[in-house]
$ cat model-v6.txt   # compact mmCIF, C-alpha atoms
# COMPACT_ATOMS: atom_id res chain seq x y z
CA MET A 1 -12.67 13.03 -27.13
CA HIS A 2 -13.72 14.26 -23.75
CA PHE A 3 -11.98 14.99 -20.47
CA LEU A 4 -13.45 13.76 -17.17
CA PHE A 5 -12.80 15.70 -13.96
CA SER A 6 -13.44 15.00 -10.29
CA GLY A 7 -12.65 16.24 -6.80
CA SER A 8 -10.64 19.39 -6.29
CA LEU A 9 -10.09 19.84 -10.04
CA LEU A 10 -13.76 20.55 -10.62
CA ARG A 11 -13.47 24.07 -9.26
CA TYR A 12 -10.94 24.88 -12.03
CA VAL A 13 -13.32 23.83 -14.84
CA GLY A 14 -16.49 25.50 -13.59
CA TYR A 15 -17.73 22.24 -12.03
CA GLN A 16 -18.14 20.60 -15.44
CA ARG A 17 -17.49 16.90 -14.99
CA GLN A 18 -17.08 16.35 -18.73
CA ILE A 19 -15.51 18.67 -21.33
CA ALA A 20 -15.36 17.63 -25.01
CA TYR A 21 -12.92 18.68 -27.73
CA GLU A 22 -12.67 17.70 -31.38
CA THR A 23 -8.98 16.87 -31.63
CA GLY A 24 -6.98 13.89 -32.82
CA SER A 25 -4.34 13.68 -30.10
CA LEU A 26 -3.89 14.04 -26.36
CA ALA A 27 -1.35 16.83 -26.83
CA ALA A 28 -3.80 18.87 -28.95
CA ALA A 29 -6.61 18.22 -26.48
CA LEU A 30 -4.47 19.40 -23.57
CA LYS A 31 -3.49 22.52 -25.49
CA ALA A 32 -7.17 23.33 -26.09
CA LEU A 33 -8.02 22.59 -22.47
CA PHE A 34 -5.30 24.87 -21.08
CA LYS A 35 -6.34 27.65 -23.46
CA ASP A 36 -9.86 27.50 -22.05
CA TYR A 37 -8.77 26.88 -18.42
CA PRO A 38 -5.28 28.41 -17.98
CA ALA A 39 -5.08 27.69 -14.23
CA LEU A 40 -5.12 23.96 -14.97
CA GLU A 41 -1.81 23.98 -16.79
CA GLY A 42 0.30 24.90 -13.78
CA LEU A 43 -1.61 22.43 -11.63
CA MET A 44 -1.22 19.53 -14.03
CA MET A 45 2.08 20.07 -15.82
CA GLU A 46 5.71 20.59 -14.92
CA THR A 47 7.61 23.42 -16.60
CA ASP A 48 9.03 20.89 -19.08
CA HIS A 49 5.44 20.01 -20.12
CA SER A 50 5.53 16.57 -18.49
CA LEU A 51 2.68 15.49 -16.22
CA ARG A 52 3.23 16.32 -12.53
CA ARG A 53 3.89 13.24 -10.39
CA THR A 54 0.91 14.13 -8.19
CA MET A 55 -1.48 13.95 -11.14
CA ARG A 56 -2.93 10.96 -12.95
CA MET A 57 -4.39 10.68 -16.45
CA ALA A 58 -6.12 7.63 -17.88
CA ILE A 59 -7.36 7.09 -21.41
CA ASN A 60 -10.32 4.71 -21.32
CA ASN A 61 -9.10 3.50 -17.89
CA GLU A 62 -5.51 2.94 -19.08
CA VAL A 63 -3.02 5.08 -17.16
CA VAL A 64 -0.91 7.47 -19.23
CA ARG A 65 2.27 8.99 -17.81
CA SER A 66 4.81 9.92 -20.44
CA ASP A 67 3.29 9.54 -23.89
CA LEU A 68 1.22 12.71 -24.04
CA SER A 69 1.24 12.72 -27.86
CA ARG A 70 -1.04 9.68 -28.14
CA PRO A 71 -3.72 9.79 -30.85
CA LEU A 72 -7.30 9.95 -29.64
CA ALA A 73 -10.57 8.74 -31.15
CA ALA A 74 -13.78 10.72 -30.92
CA SER A 75 -15.17 8.37 -28.28
CA ASP A 76 -12.05 8.31 -26.05
CA ALA A 77 -12.42 9.43 -22.44
CA VAL A 78 -9.44 11.01 -20.68
CA GLU A 79 -9.84 10.99 -16.93
CA VAL A 80 -7.80 13.56 -14.97
CA MET A 81 -7.37 13.28 -11.21
CA THR A 82 -5.00 14.00 -8.36
CA ALA A 83 -2.95 10.98 -7.24
CA ILE A 84 -3.88 11.39 -3.60
CA SER A 85 -5.21 14.30 -1.65
CA GLY A 86 -3.80 14.55 1.81
CA GLY A 87 -4.41 17.00 4.55
CA MET B 1 -7.74 2.62 -12.83
CA THR B 2 -6.64 1.76 -9.30
CA GLU B 3 -4.35 3.73 -7.01
CA HIS B 4 -2.37 1.36 -4.78
CA VAL B 5 0.15 3.74 -3.30
CA LEU B 6 -1.08 3.14 0.25
CA ASN B 7 -0.60 -0.64 0.37
CA ALA B 8 2.42 -2.45 1.80
CA ALA B 9 3.88 -5.69 0.41
CA PRO B 10 1.30 -8.37 1.20
CA ASP B 11 3.61 -11.14 2.38
CA ALA B 12 5.75 -9.25 4.88
CA ALA B 13 5.91 -10.39 8.51
CA PRO B 14 4.09 -8.09 10.92
CA LEU B 15 6.08 -5.74 13.14
CA GLU B 16 6.27 -6.79 16.78
CA HIS B 17 5.35 -4.19 19.41
CA ASP B 18 8.55 -2.60 20.70
CA PRO B 19 8.48 -2.58 24.52
CA ALA B 20 11.39 -0.17 24.50
CA SER B 21 9.48 2.45 22.48
CA PRO B 22 9.44 5.85 24.15
CA VAL B 23 6.43 7.20 26.05
CA ARG B 24 4.29 9.07 23.59
CA ARG B 25 3.51 12.74 24.07
CA GLN B 26 -0.11 13.46 25.04
CA THR B 27 -2.59 16.26 24.45
CA ARG B 28 -5.85 16.75 26.39
CA PHE B 29 -8.83 19.06 26.02
CA THR B 30 -12.51 19.01 26.92
CA LEU B 31 -15.52 19.51 24.65
CA THR B 32 -19.09 20.28 25.65
CA CYS B 33 -21.59 17.74 24.34
CA SER B 34 -24.96 18.37 22.73
CA SER B 35 -27.85 16.00 22.11
CA GLY B 36 -27.20 15.75 18.37
CA MET B 37 -23.92 13.96 19.03
CA PHE B 38 -25.73 10.90 20.38
CA THR B 39 -28.28 8.31 19.40
CA HIS B 40 -30.52 7.15 22.23
CA LEU B 41 -27.92 4.40 22.78
CA GLN B 42 -24.48 5.99 22.49
CA LEU B 43 -22.12 8.60 21.05
CA LYS B 44 -22.40 8.50 17.26
CA PRO B 45 -19.36 6.94 15.57
CA ARG B 46 -18.85 9.90 13.24
CA VAL B 47 -18.74 12.24 16.23
CA ALA B 48 -16.20 9.96 17.92
CA PHE B 49 -14.03 10.07 14.78
CA SER B 50 -14.49 13.83 14.54
CA PHE B 51 -13.24 14.22 18.13
CA ALA B 52 -10.31 11.96 17.29
CA PHE B 53 -9.29 14.07 14.29
CA MET B 54 -9.60 17.19 16.46
CA GLY B 55 -7.42 15.44 19.02
CA TRP B 56 -4.82 14.78 16.33
CA SER B 57 -4.89 18.40 15.19
CA ALA B 58 -4.53 19.56 18.79
CA TRP B 59 -1.58 17.19 19.27
CA LEU B 60 0.10 18.64 16.15
CA ASN B 61 -0.48 22.15 17.47
CA GLU B 62 1.01 21.39 20.87
CA HIS B 63 3.92 19.13 19.94
CA ALA B 64 4.85 20.08 16.38
CA VAL B 65 3.23 22.70 14.13
CA SER B 66 -0.39 23.64 13.45
CA HIS B 67 -2.28 21.56 10.92
CA GLY B 68 -2.44 24.54 8.58
CA ALA B 69 1.31 25.12 8.84
CA LEU B 70 1.92 21.41 8.22
CA ILE B 71 0.25 21.79 4.84
CA ARG B 72 1.16 25.30 3.71
CA GLU B 73 4.66 25.69 5.10
CA HIS B 74 5.88 22.11 5.12
CA ALA B 75 3.89 20.70 2.14
CA THR B 76 3.06 17.66 4.25
CA GLY B 77 -0.12 15.87 5.19
CA PHE B 78 -1.36 12.62 6.67
CA VAL B 79 -4.03 10.41 5.09
CA PRO B 80 -6.00 7.96 7.24
CA ILE B 81 -5.89 4.36 5.99
CA GLY B 82 -7.34 2.67 9.07
CA LEU B 83 -9.83 3.77 11.71
CA THR B 84 -11.30 1.85 14.65
CA ILE B 85 -13.62 2.66 17.52
CA ASP B 86 -14.06 0.47 20.57
CA TYR B 87 -16.96 1.57 22.73
CA LEU B 88 -15.97 0.94 26.35
CA ALA B 89 -19.07 1.71 28.41
CA PRO B 90 -22.83 1.99 27.76
CA LEU B 91 -23.11 5.76 28.13
CA THR B 92 -25.73 8.11 26.68
CA PHE B 93 -26.05 11.86 26.27
CA TYR B 94 -27.30 12.18 29.86
CA ASP B 95 -24.05 10.63 31.15
CA CYS B 96 -21.79 12.93 29.12
CA PRO B 97 -22.29 16.66 29.66
CA SER B 98 -18.76 16.95 28.32
CA LEU B 99 -16.03 14.66 27.05
CA THR B 100 -12.29 14.89 27.62
CA VAL B 101 -10.26 14.00 24.53
CA SER B 102 -6.80 12.55 25.31
CA THR B 103 -4.54 11.95 22.30
CA GLN B 104 -1.23 10.18 21.94
CA VAL B 105 0.61 9.90 18.62
CA ARG B 106 3.41 7.61 17.54
CA THR B 107 5.27 8.77 14.43
CA TRP B 108 7.83 6.46 12.84
CA ASN B 109 9.63 5.50 9.66
CA PRO B 110 9.32 1.77 8.92
CA ARG B 111 12.33 0.66 6.90
CA ARG B 112 11.73 1.17 3.16
CA PHE B 113 8.25 2.61 3.74
CA HIS B 114 6.52 5.96 4.12
CA THR B 115 6.25 7.73 7.48
CA LEU B 116 3.38 6.29 9.52
CA GLN B 117 1.41 7.62 12.45
CA GLU B 118 -0.53 5.58 14.98
CA VAL B 119 -2.97 7.92 16.74
CA ASP B 120 -4.71 6.76 19.93
CA VAL B 121 -7.55 8.84 21.32
CA ARG B 122 -9.48 8.17 24.51
CA LEU B 123 -12.82 9.84 25.26
CA GLU B 124 -13.77 10.12 28.94
CA THR B 125 -16.61 11.63 30.94
CA PRO B 126 -15.91 14.36 33.54
CA GLN B 127 -15.86 11.57 36.15
CA GLY B 128 -13.09 9.78 34.27
CA VAL B 129 -15.29 6.99 32.92
CA PRO B 130 -13.87 5.84 29.55
CA VAL B 131 -16.48 6.12 26.79
CA ALA B 132 -14.55 5.07 23.69
CA GLN B 133 -11.06 4.30 22.43
CA ILE B 134 -10.29 5.37 18.88
CA HIS B 135 -7.29 4.41 16.78
CA LEU B 136 -6.25 6.08 13.52
CA GLN B 137 -3.47 4.81 11.27
CA GLU B 138 -2.19 7.49 8.91
CA VAL B 139 0.31 7.61 6.05
CA CYS B 140 2.47 10.66 5.42
CA VAL B 141 2.01 12.39 2.06
CA ARG B 142 4.08 15.16 0.45
CA ILE B 143 1.80 17.80 -0.97
CA GLU B 144 2.42 19.63 -4.21
CA SER B 145 -0.51 22.08 -4.21
CA ALA B 146 -1.96 23.73 -1.09
CA ASP B 147 -5.18 24.33 -3.04
CA THR B 148 -5.87 20.88 -4.47
CA LEU B 149 -3.75 18.97 -1.90
CA ALA B 150 -2.46 16.82 -4.77
CA ALA B 151 0.13 14.60 -3.09
CA THR B 152 2.13 11.38 -3.13
CA ALA B 153 2.98 9.12 -0.20
CA GLY B 154 6.38 9.87 1.34
CA ARG B 155 8.38 10.72 4.42
CA LEU B 156 8.48 13.68 6.75
CA PRO B 157 10.84 16.44 5.63
CA PRO B 158 13.84 16.99 7.95
CA ALA B 159 12.39 19.93 9.91
CA LEU B 160 9.24 17.99 10.79
CA ALA B 161 11.10 14.72 11.34
CA GLU B 162 13.04 16.38 14.14
CA LEU B 163 9.81 17.53 15.80
CA MET B 164 7.62 14.51 15.24
CA LEU B 165 9.55 11.22 14.92
CA ASP B 166 9.75 9.12 18.08
CA THR B 167 13.11 7.85 16.88
CA PRO B 168 15.24 9.24 14.05
CA ASP B 169 16.21 5.74 12.91
CA ASP B 170 14.22 3.57 10.51
CA VAL B 171 12.40 0.82 12.34
CA PRO B 172 13.02 -2.69 10.95
CA GLY B 173 10.18 -4.99 9.92
CA GLN B 174 7.09 -4.39 7.81
CA PRO B 175 4.26 -2.39 9.44
CA VAL B 176 0.88 -4.01 10.00
CA LEU B 177 -1.44 -1.91 7.85
CA LEU B 178 -5.13 -1.72 8.68
CA ASN B 179 -6.30 -1.45 5.04
CA ARG B 180 -5.15 -4.83 3.73
CA GLY B 181 -8.64 -6.17 3.19
CA PRO B 182 -11.68 -7.31 5.14
CA ALA B 183 -11.19 -9.30 8.33
CA ARG B 184 -11.74 -13.02 8.02
CA MET B 185 -14.88 -14.37 9.61
CA PRO B 186 -14.45 -17.46 11.81
CA ASP B 187 -15.32 -20.77 10.16
CA HIS B 188 -18.50 -21.14 12.21
CA ALA B 189 -19.86 -17.70 11.21
CA GLN B 190 -23.28 -17.84 9.52
CA VAL B 191 -24.45 -15.47 6.78
CA ILE B 192 -27.84 -13.94 7.57
CA THR B 193 -28.38 -11.89 4.42
CA GLN B 194 -26.80 -9.35 2.07
CA SER B 195 -27.77 -6.04 0.46
CA ARG B 196 -26.35 -3.06 -1.46
CA ARG B 197 -26.74 0.68 -1.11
CA ASP B 198 -25.52 3.44 -3.43
CA PHE B 199 -23.94 6.65 -2.20
CA VAL B 200 -22.73 9.94 -3.68
CA ILE B 201 -19.98 12.13 -2.22
CA TYR B 202 -21.28 15.64 -1.69
CA ARG B 203 -19.32 18.60 -0.40
CA HIS B 204 -20.62 18.47 3.18
CA ALA B 205 -18.77 15.16 3.49
CA CYS B 206 -15.51 16.41 1.99
CA GLU B 207 -12.48 18.14 3.38
CA MET B 208 -11.09 21.39 2.03
CA ALA B 209 -9.72 19.83 -1.18
CA ASP B 210 -13.03 18.21 -2.17
CA GLN B 211 -11.80 14.75 -1.28
CA TRP B 212 -14.05 12.74 1.00
CA TYR B 213 -13.31 13.19 4.67
CA SER B 214 -12.86 9.73 6.13
CA GLU B 215 -14.87 10.36 9.29
CA HIS B 216 -18.00 10.19 7.06
CA VAL B 217 -17.32 6.62 5.92
CA CYS B 218 -19.05 5.36 9.05
CA ASP B 219 -22.18 7.22 7.93
CA TYR B 220 -22.21 5.49 4.53
CA VAL B 221 -21.81 2.03 6.03
CA GLY B 222 -24.25 2.88 8.81
CA ASP B 223 -26.83 3.99 6.23
CA SER B 224 -26.42 0.67 4.40
CA ARG B 225 -26.87 -1.34 7.61
CA GLU B 226 -29.89 0.65 8.81
CA ALA B 227 -31.58 0.39 5.39
CA MET B 228 -30.94 -3.36 5.37
CA VAL B 229 -32.37 -3.88 8.85
CA LEU B 230 -35.40 -1.68 8.19
CA ARG B 231 -36.24 -3.48 4.96
CA LEU B 232 -35.49 -7.07 5.99
CA VAL B 233 -35.99 -7.41 9.77
CA SER B 234 -39.42 -9.03 9.32
CA ASP B 235 -37.83 -11.81 7.25
CA TYR B 236 -34.61 -11.94 9.29
CA PRO B 237 -35.27 -11.03 12.96
CA ALA B 238 -31.61 -11.73 13.75
CA LEU B 239 -30.83 -8.39 12.11
CA ARG B 240 -32.63 -6.44 14.83
CA PRO B 241 -29.53 -5.72 16.99
CA GLY B 242 -28.28 -3.63 14.06
CA LEU B 243 -30.78 -0.95 15.07
CA ALA B 244 -31.85 -1.93 18.58
CA ASN B 245 -28.46 -2.53 20.22
CA ARG B 246 -25.30 -0.54 20.82
CA LEU B 247 -22.48 -0.68 18.34
CA ALA B 248 -19.60 -2.37 20.19
CA ARG B 249 -16.83 -1.95 17.66
CA LEU B 250 -16.28 -0.37 14.25
CA SER B 251 -13.22 -0.84 12.07
CA ILE B 252 -12.56 0.74 8.67
CA GLY B 253 -9.78 0.15 6.12
CA LEU B 254 -9.33 2.54 3.19
CA ARG B 255 -7.25 1.84 0.09
CA GLN B 256 -8.43 4.52 -2.34
CA PRO B 257 -10.12 7.87 -1.70
CA PHE B 258 -13.37 9.10 -3.21
CA MET B 259 -13.68 12.63 -4.59
CA LEU B 260 -16.47 15.20 -4.76
CA PHE B 261 -19.48 13.85 -6.72
CA ASP B 262 -17.97 10.37 -7.05
CA THR B 263 -20.50 7.59 -6.77
CA GLY B 264 -20.03 4.29 -4.99
CA GLN B 265 -21.84 1.40 -3.43
CA ILE B 266 -21.76 -0.33 -0.07
CA LEU B 267 -22.12 -4.11 -0.25
CA THR B 268 -23.25 -5.22 3.21
CA THR B 269 -23.28 -8.79 4.52
CA ALA B 270 -24.82 -9.56 7.92
CA TRP B 271 -23.29 -12.43 9.90
CA ARG B 272 -24.08 -14.20 13.13
CA VAL B 273 -20.93 -15.05 15.10
CA ASP B 274 -21.64 -16.56 18.53
CA HIS B 275 -23.36 -13.76 20.52
CA GLU B 276 -22.55 -11.08 17.97
CA ILE B 277 -24.24 -9.78 14.85
CA ARG B 278 -21.60 -8.42 12.50
CA PHE B 279 -22.17 -6.22 9.47
CA ALA B 280 -19.28 -6.56 7.02
CA HIS B 281 -19.19 -3.80 4.41
CA GLN B 282 -17.24 -3.51 1.19
CA LEU B 283 -16.83 -0.04 -0.31
CA LEU B 284 -17.10 -0.33 -4.11
CA ASN B 285 -16.15 2.44 -6.50
CA ALA B 286 -18.08 3.36 -9.66
CA ARG B 287 -16.31 0.55 -11.52
CA GLY B 288 -17.34 -2.00 -8.92
CA LEU B 289 -13.85 -2.40 -7.46
CA ALA B 290 -13.49 -2.88 -3.69
CA VAL B 291 -11.47 0.11 -2.44
CA GLY B 292 -12.20 -0.15 1.26
CA ASP B 293 -13.98 -2.18 3.90
CA ALA B 294 -15.62 -1.81 7.29
CA LEU B 295 -16.89 -4.07 10.05
CA GLU B 296 -19.57 -3.14 12.59
CA VAL B 297 -20.01 -5.45 15.56
CA PHE B 298 -23.19 -5.52 17.66
CA VAL B 299 -23.82 -7.69 20.66
CA ALA B 300 -26.96 -9.72 19.94
CA ALA B 301 -29.92 -9.54 22.32
CA ASP B 302 -30.88 -12.85 23.96
CA ASP B 303 -34.29 -12.95 22.28
CA THR B 304 -33.15 -12.75 18.64
$ encode --input "model-v6.txt" --output "structure tokens"
Amino acid sequence: MHFLFSGSLLRYVGYQRQIAYETGSLAAALKALFKDYPALEGLMMETDHSLRRTMRMAINNEVVRSDLSRPLAASDAVEVMTAISGG
Amino acid sequence: MTEHVLNAAPDAAPLEHDPASPVRRQTRFTLTCSSGMFTHLQLKPRVAFSFAFMGWSAWLNEHAVSHGALIREHATGFVPIGLTIDYLAPLTFYDCPSLTVSTQVRTWNPRRFHTLQEVDVRLETPQGVPVAQIHLQEVCVRIESADTLAATAGRLPPALAELMLDTPDDVPGQPVLLNRGPARMPDHAQVITQSRRDFVIYRHACEMADQWYSEHVCDYVGDSREAMVLRLVSDYPALRPGLANRLARLSIGLRQPFMLFDTGQILTTAWRVDHEIRFAHQLLNARGLAVGDALEVFVAADDT
């Protein structure tokens, strides 16, 4: 699988638009991502490990909100973005 | 994936203007002009929008809290969903050694909707000649991170509501949102031609959270129009006002933001409508979905 990043999140992943992991589930991929980029966890997740309401994730363009344990195939793309930026 | 948080219910009746609404508080300041702010014909639209956003920030500073405090201390922001410029007089750089920026803001809570702002900005010469009237429609967002500005649409928190709302009560009726889709052309409008132009969002066109800054949208649509006219004017002379004449009016509706390094495309259709040449633009995201629109209106010259 690979994560796709844009906008203000790019600065937290060294401006890499695409980061790949060899894992079989979204939960495992997120764990690997946060290990490599610890600052992302607080930005993306609530303390109860649910996705913050101001964040959006989509697996192959399908929005994911609550089921973060979904299995992933090697070719799956998980897009991560802020819901809106406002200022 | 599409983010529709900024759209109202499509079938609601528009809100009537309230003649009893209170006089809006005003802020004024003057800016010195330089030649780069103008084309040979007029003040550039992006500069006009930039002055309008400065006017809004100045209004916040004078009548509420600074823009920075709005974000960091009150976790609140406003996102533009509609922008218009009406050019009022044919003035060039030589007519405008400076411009006075006068800003009025209406802040209100439509019933069952997010807090809205209607921002009206007037640009005038030192002699009081009106140059342009700009209108911004903005939706309130509640911000979760001061660094990324990740946010969701919402209402003003109580401390800001007291400072900013024109009336503490919800206003009945659905608001008329400026981002509900492209304006209809009249039945007698004639298509001249159509073209597309790609764009990429780079940091110079973003605000502090690496989201596009909406004042630059007029540059993307302007690029598409200018490229169309340059390439096709020999085949379609009617396009010539798109470079040779003053822009009379520009309106923009935004439904979804672009982020740093996002790619998109402007689909531009040129129309003849009576004595006007209109360039209707659709903003398409990387998936080809229409996420915004714009309309540029030029008065046609008699010989085209």
$ closest_atom_pairs --input "model-v6.txt" --of "chain B" --to "chain A" --cutoff "10 Å" --atoms "only C-alpha atoms" --output "Markdown table"
| residue | atom | partner | partner_atom | distance |
| --- | --- | --- | --- | --- |
| B:Met1 | CA | A:Asn61 | CA | 5.3 |
| B:Thr2 | CA | A:Asn61 | CA | 9.1 |
| B:Glu3 | CA | A:Ala83 | CA | 7.4 |
| B:His4 | CA | A:Ala83 | CA | 9.9 |
| B:Val5 | CA | A:Ile84 | CA | 8.7 |
| B:Leu6 | CA | A:Ile84 | CA | 9.5 |
| B:His67 | CA | A:Gly87 | CA | 8.1 |
| B:Gly68 | CA | A:Gly87 | CA | 8.8 |
| B:Leu70 | CA | A:Gly87 | CA | 8.5 |
| B:Ile71 | CA | A:Gly87 | CA | 6.7 |
| B:Ala75 | CA | A:Gly87 | CA | 9.4 |
| B:Thr76 | CA | A:Gly87 | CA | 7.5 |
| B:Gly77 | CA | A:Gly87 | CA | 4.5 |
| B:Phe78 | CA | A:Gly87 | CA | 5.7 |
| B:Val79 | CA | A:Gly86 | CA | 5.3 |
| B:Pro80 | CA | A:Gly86 | CA | 8.8 |
| B:Val139 | CA | A:Gly86 | CA | 9.1 |
| B:Cys140 | CA | A:Gly86 | CA | 8.2 |
| B:Val141 | CA | A:Gly86 | CA | 6.2 |
| B:Arg142 | CA | A:Gly86 | CA | 8.0 |
| B:Ile143 | CA | A:Gly86 | CA | 7.0 |
| B:Glu144 | CA | A:Thr54 | CA | 7.0 |
| B:Ser145 | CA | A:Leu43 | CA | 7.5 |
| B:Ala146 | CA | A:Gly87 | CA | 9.1 |
| B:Asp147 | CA | A:Ser8 | CA | 8.0 |
| B:Thr148 | CA | A:Ser8 | CA | 5.3 |
| B:Leu149 | CA | A:Ser85 | CA | 4.9 |
| B:Ala150 | CA | A:Ser85 | CA | 4.9 |
| B:Ala151 | CA | A:Ile84 | CA | 5.2 |
| B:Thr152 | CA | A:Thr54 | CA | 5.9 |
| B:Ala153 | CA | A:Ile84 | CA | 8.0 |
| B:Ile201 | CA | A:Gly7 | CA | 9.6 |
| B:Arg203 | CA | A:Gly7 | CA | 9.5 |
| B:Cys206 | CA | A:Gly7 | CA | 9.2 |
| B:Glu207 | CA | A:Gly87 | CA | 8.2 |
| B:Met208 | CA | A:Gly87 | CA | 8.4 |
| B:Ala209 | CA | A:Ser8 | CA | 5.2 |
| B:Asp210 | CA | A:Ser8 | CA | 4.9 |
| B:Gln211 | CA | A:Gly7 | CA | 5.8 |
| B:Trp212 | CA | A:Gly7 | CA | 8.7 |
| B:Tyr213 | CA | A:Gly87 | CA | 9.7 |
| B:Gln256 | CA | A:Ile84 | CA | 8.3 |
| B:Pro257 | CA | A:Ile84 | CA | 7.4 |
| B:Phe258 | CA | A:Gly7 | CA | 8.0 |
| B:Met259 | CA | A:Gly7 | CA | 4.4 |
| B:Leu260 | CA | A:Gly7 | CA | 4.5 |
| B:Phe261 | CA | A:Ser6 | CA | 7.1 |
| B:Asp262 | CA | A:Ser6 | CA | 7.2 |
$ closest_residue --input "model-v6.txt" --among "B:Val221, B:Ala189, B:Ile252, B:Leu295" --to "Gly264 (chain B)" --atoms "all atoms listed in the file"
B:Val221
$ residues_around --input "model-v6.txt" --residues "region 20-31 of chain A" --least-positions-apart "4" --cutoff "12 Å" --atoms "all atoms listed in the file" --output "ChimeraX atom specification"
/A:1-5,16,35-38,40-41,44-45,49-51,57-59,64-80
$ atom_distance --input "model-v6.txt" --atom1 "CA of Thr167 (chain B)" --atom2 "CA of Glu215 (chain B)"
29.1 Å
$ atom_distance --input "model-v6.txt" --atom1 "CA of Val297 (chain B)" --atom2 "CA of Met37 (chain B)"
20.1 Å
$ residues_around --input "model-v6.txt" --residues "Ala159 (chain B)" --least-positions-apart "3" --cutoff "10 Å" --atoms "all atoms listed in the file" --output "PyMOL selection string"
chain B and resi 64+74+156+162-164
$ atom_distance --input "model-v6.txt" --atom1 "CA of Thr193 (chain B)" --atom2 "CA of Ala244 (chain B)"
17.7 Å
$ closest_residue --input "model-v6.txt" --among "B:Tyr94, B:Phe53, B:Phe279, B:Tyr220" --to "Gly242 (chain B)" --atoms "all atoms listed in the file"
B:Phe279
$ closest_residue --input "model-v6.txt" --among "B:Glu118, B:Asp198, B:Glu62, B:Asp293" --to "Leu254 (chain B)" --atoms "all atoms listed in the file"
B:Asp293
$ closest_residue --input "model-v6.txt" --among "B:Arg25, B:Arg249, B:Arg255, B:His188" --to "Ala290 (chain B)" --atoms "all atoms listed in the file"
B:Arg255
$ closest_residue --input "model-v6.txt" --among "B:Arg184, B:Arg28, B:His275, B:Arg287" --to "Glu124 (chain B)" --atoms "only C-alpha atoms"
B:Arg28
$ residues_around --input "model-v6.txt" --residues "Ser34 (chain B)" --least-positions-apart "2" --cutoff "12 Å" --atoms "all atoms listed in the file" --output "ChimeraX atom specification"
/B:31-32,36-39,43-44,47,92-99
$ closest_residue --input "model-v6.txt" --among "B:His216, B:Arg155, B:His135, B:Arg112" --to "Leu178 (chain B)" --atoms "only C-alpha atoms"
B:His135
$ residues_around --input "model-v6.txt" --residues "region 271-274 of chain B" --least-positions-apart "2" --cutoff "9 Å" --atoms "all atoms listed in the file" --output "list in words"
Met185, Pro186, His188, Ala189, Gln190, Val191, Ile192, Thr193, Ala238, Leu239, Thr269, Glu276, Ile277, Arg278, Phe279, Ala280 and Ala300 of chain B
